[in-house]
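> Next comes upload.cif, mmCIF, C-alpha atoms:
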data_my_file
#
loop_
_atom_site.label_atom_id
_atom_site.label_comp_id
_atom_site.auth_asym_id
_atom_site.auth_seq_id
_atom_site.Cartn_x
_atom_site.Cartn_y
_atom_site.Cartn_z
CA MET A 1 41.96 -162.91 -146.51
CA ARG A 2 41.02 -159.93 -144.33
CA ALA A 3 37.31 -159.52 -143.68
CA ALA A 4 34.83 -157.58 -141.53
CA VAL A 5 33.08 -160.11 -139.28
CA TYR A 6 29.96 -159.50 -137.21
CA TYR A 7 29.98 -161.18 -133.80
CA GLY A 8 27.12 -159.31 -132.17
CA PRO A 9 25.72 -155.81 -131.56
CA ALA A 10 28.48 -153.22 -131.91
CA ASP A 11 31.03 -156.03 -132.30
CA ILE A 12 32.47 -156.03 -135.83
CA ARG A 13 36.05 -157.21 -136.12
CA ILE A 14 38.53 -156.93 -138.97
CA GLU A 15 40.30 -160.28 -138.96
CA ASP A 16 41.78 -163.04 -141.08
CA ARG A 17 39.27 -165.49 -142.54
CA PRO A 18 39.72 -168.38 -144.96
CA GLU A 19 38.93 -167.67 -148.58
CA PRO A 20 35.62 -169.19 -149.76
CA THR A 21 35.77 -172.76 -151.05
CA PRO A 22 35.20 -173.36 -154.78
CA THR A 23 32.42 -175.88 -155.46
CA PRO A 24 30.85 -177.22 -158.66
CA ASP A 25 27.70 -175.14 -158.10
CA ASN A 26 29.04 -171.76 -156.98
CA LEU A 27 30.81 -168.68 -158.23
CA ILE A 28 33.64 -166.98 -156.38
CA LEU A 29 34.11 -163.27 -156.91
CA GLN A 30 37.15 -161.18 -156.15
CA VAL A 31 35.50 -158.17 -154.55
CA SER A 32 36.30 -154.84 -156.18
CA CYS A 33 34.43 -152.58 -153.76
CA CYS A 34 31.45 -152.64 -151.42
CA ALA A 35 29.45 -149.69 -150.08
CA ILE A 36 28.36 -149.31 -146.47
CA CYS A 37 24.60 -149.72 -146.07
CA GLY A 38 22.32 -148.56 -143.28
CA THR A 39 21.90 -152.21 -142.31
CA ASP A 40 25.66 -152.42 -141.75
CA LEU A 41 25.43 -149.37 -139.49
CA LYS A 42 22.62 -151.06 -137.59
CA LEU A 43 24.81 -154.12 -137.03
CA ALA A 44 27.59 -151.85 -135.81
CA THR A 45 25.33 -150.21 -133.24
CA ILE A 46 22.32 -152.19 -132.03
CA GLY A 47 22.76 -155.39 -134.04
CA ASN A 48 20.13 -157.47 -135.83
CA PRO A 49 18.90 -160.93 -134.78
CA ARG A 50 18.54 -161.90 -138.45
CA CYS A 51 22.33 -161.84 -138.85
CA HIS A 52 23.87 -165.12 -137.72
CA PRO A 53 27.36 -164.59 -136.27
CA PRO A 54 30.14 -164.96 -136.91
CA ARG A 55 29.27 -163.55 -140.33
CA ILE A 56 31.22 -161.57 -142.91
CA ILE A 57 29.01 -158.59 -143.71
CA GLY A 58 28.61 -156.17 -146.62
CA HIS A 59 26.33 -156.56 -149.63
CA GLU A 60 26.34 -153.47 -151.89
CA MET A 61 29.13 -154.81 -154.04
CA VAL A 62 30.69 -155.65 -157.36
CA GLY A 63 33.34 -158.24 -158.07
CA ARG A 64 35.01 -160.24 -160.81
CA ALA A 65 34.53 -163.98 -161.22
CA VAL A 66 37.68 -165.97 -160.39
CA HIS A 67 35.92 -169.34 -160.13
CA VAL A 68 32.97 -170.65 -162.13
CA GLY A 69 31.79 -174.06 -160.97
CA ARG A 70 31.44 -176.73 -163.65
CA ASP A 71 27.68 -176.93 -162.97
CA VAL A 72 27.21 -173.16 -163.36
CA SER A 73 26.00 -171.88 -166.71
CA GLY A 74 25.81 -168.38 -168.12
CA PHE A 75 28.96 -167.02 -166.49
CA ASP A 76 32.63 -166.95 -167.44
CA LEU A 77 35.88 -166.23 -165.65
CA GLY A 78 36.45 -162.50 -165.57
CA ASP A 79 32.78 -161.50 -165.64
CA ARG A 80 31.98 -158.52 -163.47
CA ILE A 81 29.00 -159.28 -161.27
CA THR A 82 26.79 -157.55 -158.74
CA LEU A 83 24.08 -159.16 -156.64
CA ALA A 84 20.45 -158.93 -155.68
CA THR A 85 21.22 -159.93 -152.15
CA THR A 86 17.87 -161.20 -150.83
CA LEU A 87 17.83 -164.86 -151.82
CA ALA A 88 14.21 -166.00 -151.97
CA CYS A 89 13.27 -169.63 -151.44
CA GLY A 90 11.46 -169.96 -154.78
CA ARG A 91 8.84 -172.28 -153.28
CA CYS A 92 6.44 -170.22 -151.15
CA ARG A 93 3.28 -168.37 -152.18
CA TYR A 94 5.05 -165.01 -152.21
CA CYS A 95 7.65 -166.35 -154.59
CA ALA A 96 4.88 -167.79 -156.78
CA LEU A 97 3.34 -164.29 -156.84
CA GLY A 98 6.66 -162.86 -158.04
CA LEU A 99 7.29 -161.14 -154.70
CA GLY A 100 10.54 -162.77 -153.72
CA ASN A 101 11.58 -159.66 -151.81
CA LEU A 102 8.76 -160.47 -149.35
CA CYS A 103 9.63 -164.17 -149.09
CA PRO A 104 9.38 -165.24 -145.43
CA ASN A 105 12.09 -167.84 -146.00
CA ALA A 106 14.56 -165.47 -147.65
CA LYS A 107 18.26 -165.79 -146.83
CA PRO A 108 20.11 -162.52 -147.38
CA ILE A 109 23.76 -162.18 -148.27
CA SER A 110 25.64 -160.90 -145.16
CA TYR A 111 22.98 -162.37 -142.84
CA ASP A 112 22.75 -166.04 -143.83
CA PHE A 113 25.65 -166.11 -146.30
CA ASP A 114 29.00 -164.35 -146.01
CA GLY A 115 29.16 -160.90 -147.54
CA ALA A 116 31.54 -158.64 -149.41
CA PHE A 117 33.60 -156.73 -146.85
CA ALA A 118 36.33 -159.21 -147.75
CA GLY A 119 38.73 -160.00 -150.55
CA PHE A 120 36.48 -162.72 -151.98
CA LEU A 121 32.81 -163.68 -151.86
CA ALA A 122 31.11 -166.96 -152.75
CA VAL A 123 27.88 -166.69 -154.74
CA PRO A 124 25.87 -169.71 -153.54
CA ALA A 125 23.78 -172.01 -155.70
CA LEU A 126 20.59 -170.51 -154.26
CA ALA A 127 21.55 -167.11 -155.65
CA LEU A 128 22.34 -168.54 -159.06
CA ALA A 129 19.07 -170.46 -159.17
CA GLY A 130 17.13 -167.32 -158.32
CA GLY A 131 18.82 -165.11 -160.93
CA ASN A 132 20.41 -162.98 -158.20
CA ALA A 133 23.80 -162.70 -159.93
CA ILE A 134 23.67 -159.82 -162.42
CA LYS A 135 26.37 -159.24 -165.03
CA VAL A 136 27.78 -155.72 -165.20
CA PRO A 137 28.70 -154.22 -168.61
CA ASP A 138 32.23 -152.92 -169.09
CA SER A 139 30.82 -149.41 -169.47
CA VAL A 140 29.66 -149.30 -165.83
CA PRO A 141 32.39 -148.28 -163.34
CA ASP A 142 32.88 -150.47 -160.29
CA GLU A 143 31.53 -147.90 -157.85
CA ALA A 144 28.38 -147.34 -159.90
CA ALA A 145 27.85 -151.09 -160.11
CA ALA A 146 28.15 -151.38 -156.33
CA LEU A 147 25.32 -148.87 -155.94
CA SER A 148 23.00 -150.92 -158.18
CA GLU A 149 21.65 -152.84 -155.19
CA PRO A 150 20.56 -149.79 -153.14
CA LEU A 151 19.30 -148.14 -156.33
CA SER A 152 17.21 -151.24 -156.98
CA CYS A 153 15.36 -150.65 -153.70
CA ALA A 154 14.46 -147.15 -154.90
CA ILE A 155 13.32 -148.59 -158.25
CA ASN A 156 10.97 -150.97 -156.45
CA ALA A 157 9.63 -148.17 -154.23
CA GLN A 158 9.03 -145.72 -157.07
CA ALA A 159 7.28 -148.36 -159.16
CA LEU A 160 4.94 -149.08 -156.25
CA ALA A 161 4.30 -145.35 -155.73
CA GLY A 162 3.70 -144.80 -159.44
CA VAL A 163 6.39 -142.19 -160.10
CA LYS A 164 6.18 -141.20 -163.76
CA ALA A 165 7.43 -138.63 -166.24
CA GLY A 166 6.15 -135.14 -165.54
CA ASP A 167 5.57 -135.74 -161.83
CA ARG A 168 6.72 -133.42 -159.09
CA VAL A 169 8.45 -135.51 -156.46
CA LEU A 170 9.42 -134.66 -152.89
CA VAL A 171 12.00 -136.75 -151.02
CA ILE A 172 12.08 -136.34 -147.24
CA GLY A 173 15.48 -137.22 -145.76
CA GLY A 174 18.74 -136.46 -147.51
CA GLY A 175 20.83 -139.48 -146.59
CA PRO A 176 22.37 -141.82 -149.17
CA LEU A 177 19.06 -143.46 -150.09
CA GLY A 178 17.30 -140.11 -150.20
CA ALA A 179 19.90 -138.92 -152.68
CA LEU A 180 19.52 -142.09 -154.76
CA ASN A 181 15.74 -141.71 -154.76
CA ALA A 182 16.08 -138.11 -155.91
CA GLU A 183 18.47 -139.10 -158.70
CA LEU A 184 16.17 -141.93 -159.77
CA ALA A 185 13.12 -139.68 -159.86
CA LYS A 186 15.03 -137.27 -162.08
CA ALA A 187 16.10 -140.15 -164.33
CA ARG A 188 12.45 -141.19 -164.70
CA GLY A 189 11.71 -137.87 -166.40
CA THR A 190 9.94 -136.09 -163.56
CA ALA A 191 9.32 -132.38 -163.93
CA ASP A 192 10.74 -131.39 -160.55
CA VAL A 193 12.52 -133.13 -157.70
CA MET A 194 12.83 -131.60 -154.24
CA ILE A 195 14.66 -133.08 -151.26
CA VAL A 196 14.38 -132.03 -147.61
CA GLN A 197 17.32 -132.25 -145.23
CA ARG A 198 17.77 -130.58 -141.84
CA SER A 199 21.49 -130.70 -141.07
CA GLU A 200 24.96 -130.05 -142.37
CA PRO A 201 27.12 -131.30 -143.94
CA ARG A 202 24.51 -133.32 -145.80
CA LEU A 203 22.77 -130.16 -146.97
CA SER A 204 25.95 -129.06 -148.71
CA LEU A 205 26.60 -132.55 -150.07
CA LEU A 206 23.10 -132.71 -151.55
CA ARG A 207 23.61 -129.41 -153.34
CA ARG A 208 26.13 -131.23 -155.55
CA LEU A 209 23.19 -133.05 -157.16
CA ARG A 210 22.30 -131.26 -160.37
CA GLY A 211 18.72 -130.33 -161.19
CA ILE A 212 17.41 -131.13 -157.70
CA THR A 213 16.00 -128.50 -155.34
CA VAL A 214 17.36 -128.81 -151.81
CA ILE A 215 15.10 -127.58 -149.00
CA ASP A 216 16.67 -126.77 -145.63
CA GLY A 217 14.17 -128.31 -143.24
CA ALA A 218 15.71 -126.51 -140.26
CA SER A 219 15.42 -122.95 -141.59
CA GLN A 220 12.74 -123.08 -144.29
CA ASP A 221 8.99 -123.61 -144.06
CA VAL A 222 8.86 -126.94 -145.88
CA LEU A 223 5.14 -126.81 -146.66
CA SER A 224 5.46 -123.32 -148.17
CA ALA A 225 8.49 -124.40 -150.19
CA VAL A 226 6.66 -127.44 -151.53
CA LYS A 227 3.53 -125.46 -152.37
CA ASP A 228 5.62 -122.77 -154.08
CA GLY A 229 7.36 -125.43 -156.16
CA THR A 230 4.13 -127.14 -157.23
CA ASP A 231 1.81 -124.25 -158.13
CA GLY A 232 0.13 -124.58 -154.76
CA MET A 233 -0.95 -128.19 -155.28
CA GLY A 234 1.61 -130.31 -153.45
CA ALA A 235 3.84 -133.10 -154.68
CA ASP A 236 2.53 -135.90 -156.89
CA VAL A 237 4.64 -138.37 -154.91
CA VAL A 238 6.27 -137.94 -151.50
CA ILE A 239 9.03 -140.46 -150.67
CA VAL A 240 9.90 -140.64 -146.98
CA CYS A 241 13.54 -141.68 -146.59
CA ALA A 242 13.89 -140.44 -143.02
CA PRO A 243 13.26 -143.11 -140.34
CA ALA A 244 11.39 -140.67 -138.14
CA ARG A 245 7.80 -140.47 -136.97
CA ASP A 246 7.39 -136.75 -137.65
CA ALA A 247 8.61 -137.20 -141.21
CA GLN A 248 6.00 -139.88 -141.90
CA GLU A 249 3.22 -137.88 -140.27
CA GLU A 250 4.08 -134.66 -142.09
CA ALA A 251 4.36 -136.37 -145.47
CA LEU A 252 0.60 -136.44 -145.92
CA HIS A 253 0.49 -132.64 -145.81
CA TYR A 254 2.99 -132.30 -148.66
CA ALA A 255 1.14 -134.49 -151.19
CA ARG A 256 -1.42 -133.14 -153.63
CA LYS A 257 -4.93 -134.55 -153.74
CA GLY A 258 -4.79 -137.89 -155.52
CA GLY A 259 -1.08 -138.15 -154.77
CA ALA A 260 0.97 -140.93 -153.22
CA ILE A 261 3.20 -141.27 -150.18
CA SER A 262 5.91 -143.93 -150.10
CA LEU A 263 7.15 -145.05 -146.69
CA PHE A 264 10.61 -145.98 -147.93
CA ALA A 265 12.53 -145.82 -144.64
CA SER A 266 11.91 -148.35 -141.90
CA MET A 267 11.10 -147.10 -138.41
CA PRO A 268 12.74 -148.65 -135.32
CA LYS A 269 11.01 -151.87 -134.28
CA ASP A 270 9.74 -150.64 -130.91
CA ALA A 271 8.94 -147.11 -132.08
CA SER A 272 7.16 -147.62 -135.38
CA ALA A 273 3.68 -146.29 -134.53
CA PHE A 274 2.65 -142.88 -135.81
CA THR A 275 -0.54 -140.85 -136.16
CA LEU A 276 -2.38 -140.46 -139.46
CA ASP A 277 -4.92 -137.77 -140.25
CA SER A 278 -7.50 -140.00 -141.90
CA ARG A 279 -9.40 -137.00 -143.27
CA LEU A 280 -6.41 -136.07 -145.41
CA ILE A 281 -6.34 -139.59 -146.82
CA HIS A 282 -10.12 -139.78 -147.28
CA TYR A 283 -10.85 -136.39 -148.81
CA GLY A 284 -7.56 -136.15 -150.62
CA GLU A 285 -7.79 -139.68 -152.07
CA LEU A 286 -4.19 -140.25 -151.04
CA ARG A 287 -2.36 -143.53 -151.58
CA LEU A 288 -0.03 -144.68 -148.82
CA VAL A 289 2.37 -147.44 -149.89
CA GLY A 290 5.23 -149.32 -148.33
CA ALA A 291 8.39 -150.56 -150.00
CA SER A 292 10.76 -153.25 -148.81
CA ASP A 293 13.95 -154.41 -150.47
CA SER A 294 14.07 -155.40 -154.16
CA ARG A 295 14.24 -158.32 -156.57
CA PRO A 296 16.74 -159.37 -159.25
CA GLU A 297 14.79 -157.58 -161.98
CA HIS A 298 15.14 -154.32 -160.06
CA VAL A 299 18.91 -154.78 -159.78
CA ALA A 300 19.11 -155.51 -163.52
CA ALA A 301 17.14 -152.30 -164.18
CA ALA A 302 19.53 -150.41 -161.90
CA VAL A 303 22.54 -151.71 -163.82
CA ASP A 304 20.89 -150.57 -167.05
CA LEU A 305 20.41 -147.07 -165.63
CA MET A 306 24.06 -147.01 -164.60
CA ALA A 307 25.05 -148.09 -168.11
CA GLN A 308 23.08 -145.13 -169.48
CA ASN A 309 24.90 -142.81 -167.04
CA ARG A 310 21.55 -141.64 -165.67
CA ILE A 311 22.56 -141.63 -161.99
CA ASP A 312 25.15 -139.20 -160.59
CA THR A 313 27.07 -141.67 -158.45
CA ALA A 314 30.09 -139.35 -158.30
CA ALA A 315 28.03 -136.90 -156.24
CA ILE A 316 26.49 -139.59 -154.04
CA ILE A 317 29.74 -141.38 -153.14
CA THR A 318 31.42 -138.89 -150.83
CA HIS A 319 34.03 -141.00 -149.03
CA ARG A 320 36.24 -144.01 -149.70
CA VAL A 321 38.00 -146.13 -147.07
CA ALA A 322 40.11 -149.25 -146.92
CA LEU A 323 38.68 -152.30 -145.19
CA ALA A 324 41.01 -151.67 -142.24
CA ASP A 325 39.25 -148.31 -141.79
CA LEU A 326 35.70 -149.69 -141.95
CA HIS A 327 34.90 -148.39 -138.48
CA ALA A 328 35.89 -144.88 -139.55
CA GLY A 329 33.49 -145.21 -142.48
CA LEU A 330 30.73 -146.40 -140.19
CA GLU A 331 31.36 -143.40 -137.93
CA LEU A 332 31.01 -141.06 -140.93
CA MET A 333 27.57 -142.51 -141.56
CA LYS A 334 26.57 -142.58 -137.90
CA THR A 335 27.37 -138.88 -137.51
CA ARG A 336 25.79 -138.03 -140.89
CA GLN A 337 29.01 -136.60 -142.25
CA SER A 338 28.69 -138.47 -145.54
CA LEU A 339 26.39 -139.79 -148.18
CA LYS A 340 27.64 -143.13 -149.51
CA VAL A 341 30.91 -144.50 -148.17
CA MET A 342 32.72 -146.99 -150.40
CA VAL A 343 34.94 -149.68 -148.90
CA TYR A 344 37.88 -151.20 -150.76
CA PRO A 345 38.67 -154.60 -149.25
CA ARG A 346 41.97 -155.10 -151.07
CA ASP A 347 45.00 -152.93 -151.55
CA GLN A 348 44.42 -150.86 -154.66
#
With the file now loaded, output its structure as structure tokens.


Amino acid sequence: MRAAVYYGPADIRIEDRPEPTPTPDNLILQVSCCAICGTDLKLATIGNPRCHPPRIIGHEMVGRAVHVGRDVSGFDLGDRITLATTLACGRCRYCALGLGNLCPNAKPISYDFDGAFAGFLAVPALALAGGNAIKVPDSVPDEAAALSEPLSCAINAQALAGVKAGDRVLVIGGGPLGALNAELAKARGTADVMIVQRSEPRLSLLRRLRGITVIDGASQDVLSAVKDGTDGMGADVVIVCAPARDAQEEALHYARKGGAISLFASMPKDASAFTLDSRLIHYGELRLVGASDSRPEHVAAAVDLMAQNRIDTAAIITHRVALADLHAGLELMKTRQSLKVMVYPRDQ
């Protein structure tokens, strides 16, 4: 089968690889489609020491079961399946606390196990034991199912930040995950959702999202726009989806007193320090929360939202490429010409 294989920083090759081996304790999925994630872009530029080459990458996927091992229960041939792709160990203290996404021994799909930029993917026993394989109802299209994993990360973040019905939410950064966070906030019954983006063509792409106010961060006064949209108070929750220091620093100014700021995007490892105005936090009783990854229950919740047609995936998926054109898809993301790019690993 053809697959995208990571060999090192900026070294991803499309090449022939053997199909995964059926075993009594695994599933094998025929991959339907797999979206490009920011972590894939990182591998294609600066690399990541957590990814052990040579490794087939790609993890925002959906596929159909073509092998069900005799020791595997709960699945049948033909089932459509997506994955919670961080495989926790199930033995450490974090796992005992129900925080498998923070497990220090976690083994992610596409880092420790081969991923889904390929015709087939093996779901290992560790994933099955941890409940990481999630069935997808027939009512959910393949592309929506593939976005369940990134949506699950937004579900985790918004739960931690306390987003609730009636809130006014501001998303800073209009990339693919910013768009998903905005759609999720709307689906949670918030009163207003605003999203800040500085550049084209993403500004125009974001304007396809219905019921979401797009703020041009390059030409508008963001603070004035936020105050105008919140009766002068500021946002109940600010979700920072831009991996930039100024975005994280400015976020505190956009939140109302008693509000919350979610640091959703990760900063570069050697440039992650930023300055906080502690008086804003102290006198404003602000909550500053992090969010990292997701767990199987978040992916299951994402699939449920997709089944209810609550997320506008048609607006968020802006480009589709064949596996042979993966590098073109990565370039679209690198140059911010797209939102989500969907990869089809087999001839359709």

> Which polymer residues have any atom within 6 Å of an atom of stretch 10-25 of chain A, counting all atoms listed in the file, with same-chain residues fewer than 3 positions away left out, as a JSON list (two decimals) with C-alpha atoms, in the frame of the given file?


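Output file result-v8.json is given in full below:
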[["chain", "number", "residue", "atom", "x", "y", "z"],
["A", 1, "MET", "CA", 41.96, -162.91, -146.51],
["A", 2, "ARG", "CA", 41.02, -159.93, -144.33],
["A", 3, "ALA", "CA", 37.31, -159.52, -143.68],
["A", 4, "ALA", "CA", 34.83, -157.58, -141.53],
["A", 5, "VAL", "CA", 33.08, -160.11, -139.28],
["A", 6, "TYR", "CA", 29.96, -159.50, -137.21],
["A", 7, "TYR", "CA", 29.98, -161.18, -133.80],
["A", 44, "ALA", "CA", 27.59, -151.85, -135.81],
["A", 45, "THR", "CA", 25.33, -150.21, -133.24],
["A", 69, "GLY", "CA", 31.79, -174.06, -160.97],
["A", 70, "ARG", "CA", 31.44, -176.73, -163.65],
["A", 71, "ASP", "CA", 27.68, -176.93, -162.97],
["A", 72, "VAL", "CA", 27.21, -173.16, -163.36],
["A", 122, "ALA", "CA", 31.11, -166.96, -152.75],
["A", 125, "ALA", "CA", 23.78, -172.01, -155.70]]

> Please determine, counting only C-alpha atoms, which residue among A:Pro243, A:Gly162, A:Gly58, A:Gly175 has the shortest atom-to-atom distance to A:Thr335.

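Looking at the shortest contact to A:Thr335, the residue is A:Gly175.
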
> Once the PyMOL selection byres ((chain A and resi 137) around 9) has been evaluated on this model, what residues remain selected, and can you format them as a tab-separated table (two decimals) with C-alpha atoms, in the frame of the given file?


chain	number	residue	atom	x	y	z
A	79	ASP	CA	32.78	-161.50	-165.64
A	80	ARG	CA	31.98	-158.52	-163.47
A	81	ILE	CA	29.00	-159.28	-161.27
A	135	LYS	CA	26.37	-159.24	-165.03
A	136	VAL	CA	27.78	-155.72	-165.20
A	138	ASP	CA	32.23	-152.92	-169.09
A	139	SER	CA	30.82	-149.41	-169.47
A	140	VAL	CA	29.66	-149.30	-165.83
A	141	PRO	CA	32.39	-148.28	-163.34
A	303	VAL	CA	22.54	-151.71	-163.82
A	304	ASP	CA	20.89	-150.57	-167.05
A	307	ALA	CA	25.05	-148.09	-168.11

> List the residues matched by the PyMOL selection byres ((chain A and resi 118) around 8) in the displayed structure as a list in words, ordered by chain and then by residue number.

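For this structure, the PyMOL selection byres ((chain A and resi 118) around 8) captures Met1, Arg2, Ala3, Ala4, Val31, Ile56, Gly115, Ala116, Phe117, Gly119, Phe120, Leu121, Leu323, Pro345 and Arg346 of chain A.
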
> One decimal, Å: what's the distance from atom CA of A:Ala242 over to atom CA of A:Asp142, could you say?

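Those two atoms sit 27.6 Å apart.
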
> Counting only C-alpha atoms, what is within 7 Å of A:Gln337, bar same-chain residues fewer than 3 positions away, as a PyMOL selection string?

chain A and resi 201-202+332-333

> Looking at A:Cys241, A:Ala265, A:Leu180, A:Cys34, which one is nearest to A:Ser110, with distances taken over all atoms listed in the file?

A:Cys34

> What does the structure give for the distance between atom CA of A:Gly259 and atom CA of A:Arg168, in Å to one decimal?

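If I compute the distance from atom CA of A:Gly259 to atom CA of A:Arg168, I get 10.1 Å.
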
> Would you please work out which residue, of A:Thr313, A:Gln308, A:Ser148, A:Gln248, is nearest to A:Leu83 when using all atoms listed in the file?

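Distance minimum relative to A:Leu83 lands on A:Ser148.
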
> Would you pick out the contacts of A:Pro9 at 10 Å or less, using all atoms listed in the file, so that residues sharing its chain but fewer than 6 positions from it are not included, and give the list as a VMD selection string?

chain A and resid 42 to 49

> When the PyMOL selection byres ((chain A and resi 297) around 9) is applied to the structure above, which residues does it catch, written out as JSON, numbers by chain?

{"A": [84, 131, 132, 152, 294, 295, 296, 298, 299, 300, 301, 302]}

> Excluding same-chain residues fewer than 3 positions from A:Asp246, what lies within 8 Å of it counting all atoms listed in the file, as an NGL selection string?

:A and (249-250 or 274)

> Would you list the residues near (12.7, -140.0, -165.3) (no more than 10 Å away, in the coordinates of the file, using only C-alpha atoms) as a count of residues only?

15

> Tell me, as a PyMOL selection string, which residues lie within 12 Å of A:Gly174, counting all atoms listed in the file; anything in the same chain fewer than 4 positions away does not count.

chain A and resi 170+178-183+194-207+209+212-217+239-243+247+265+316+336-340

> Since fewer atoms than expected are present, regenerate all heavy atoms for stretch 311-317 of chain A and write them as a tab-separated table (two decimals), in the coordinates of the input.


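What ended up in rebuild_10.tsv:
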chain	number	residue	atom	x	y	z
A	311	ILE	N	22.49	-141.87	-163.42
A	311	ILE	CA	22.56	-141.63	-161.99
A	311	ILE	C	23.92	-141.02	-161.65
A	311	ILE	O	24.96	-141.56	-162.04
A	311	ILE	CB	22.36	-142.95	-161.20
A	311	ILE	CG1	21.06	-143.64	-161.59
A	311	ILE	CG2	22.41	-142.68	-159.69
A	311	ILE	CD1	19.80	-142.86	-161.28
A	312	ASP	N	23.91	-139.92	-160.92
A	312	ASP	CA	25.15	-139.20	-160.59
A	312	ASP	C	25.81	-139.84	-159.36
A	312	ASP	O	25.75	-139.31	-158.26
A	312	ASP	CB	24.85	-137.73	-160.35
A	312	ASP	CG	26.12	-136.89	-160.20
A	312	ASP	OD1	27.22	-137.47	-160.25
A	312	ASP	OD2	25.99	-135.65	-160.03
A	313	THR	N	26.44	-140.97	-159.57
A	313	THR	CA	27.07	-141.67	-158.45
A	313	THR	C	28.27	-140.91	-157.91
A	313	THR	O	28.61	-141.03	-156.73
A	313	THR	CB	27.50	-143.09	-158.85
A	313	THR	OG1	28.38	-143.01	-159.98
A	313	THR	CG2	26.29	-143.94	-159.24
A	314	ALA	N	28.92	-140.11	-158.77
A	314	ALA	CA	30.09	-139.35	-158.30
A	314	ALA	C	29.70	-138.36	-157.21
A	314	ALA	O	30.50	-138.08	-156.31
A	314	ALA	CB	30.73	-138.63	-159.48
A	315	ALA	N	28.48	-137.82	-157.27
A	315	ALA	CA	28.03	-136.90	-156.24
A	315	ALA	C	27.56	-137.63	-154.99
A	315	ALA	O	27.63	-137.09	-153.88
A	315	ALA	CB	26.91	-136.01	-156.78
A	316	ILE	N	27.07	-138.85	-155.17
A	316	ILE	CA	26.49	-139.59	-154.04
A	316	ILE	C	27.57	-140.29	-153.23
A	316	ILE	O	27.45	-140.42	-152.01
A	316	ILE	CB	25.44	-140.59	-154.56
A	316	ILE	CG1	24.24	-139.81	-155.13
A	316	ILE	CG2	24.98	-141.54	-153.46
A	316	ILE	CD1	23.22	-140.67	-155.82
A	317	ILE	N	28.64	-140.75	-153.87
A	317	ILE	CA	29.74	-141.38	-153.14
A	317	ILE	C	30.68	-140.27	-152.66
A	317	ILE	O	31.39	-139.66	-153.45
A	317	ILE	CB	30.49	-142.39	-154.02
A	317	ILE	CG1	29.55	-143.49	-154.49
A	317	ILE	CG2	31.68	-143.00	-153.26
A	317	ILE	CD1	30.11	-144.38	-155.58
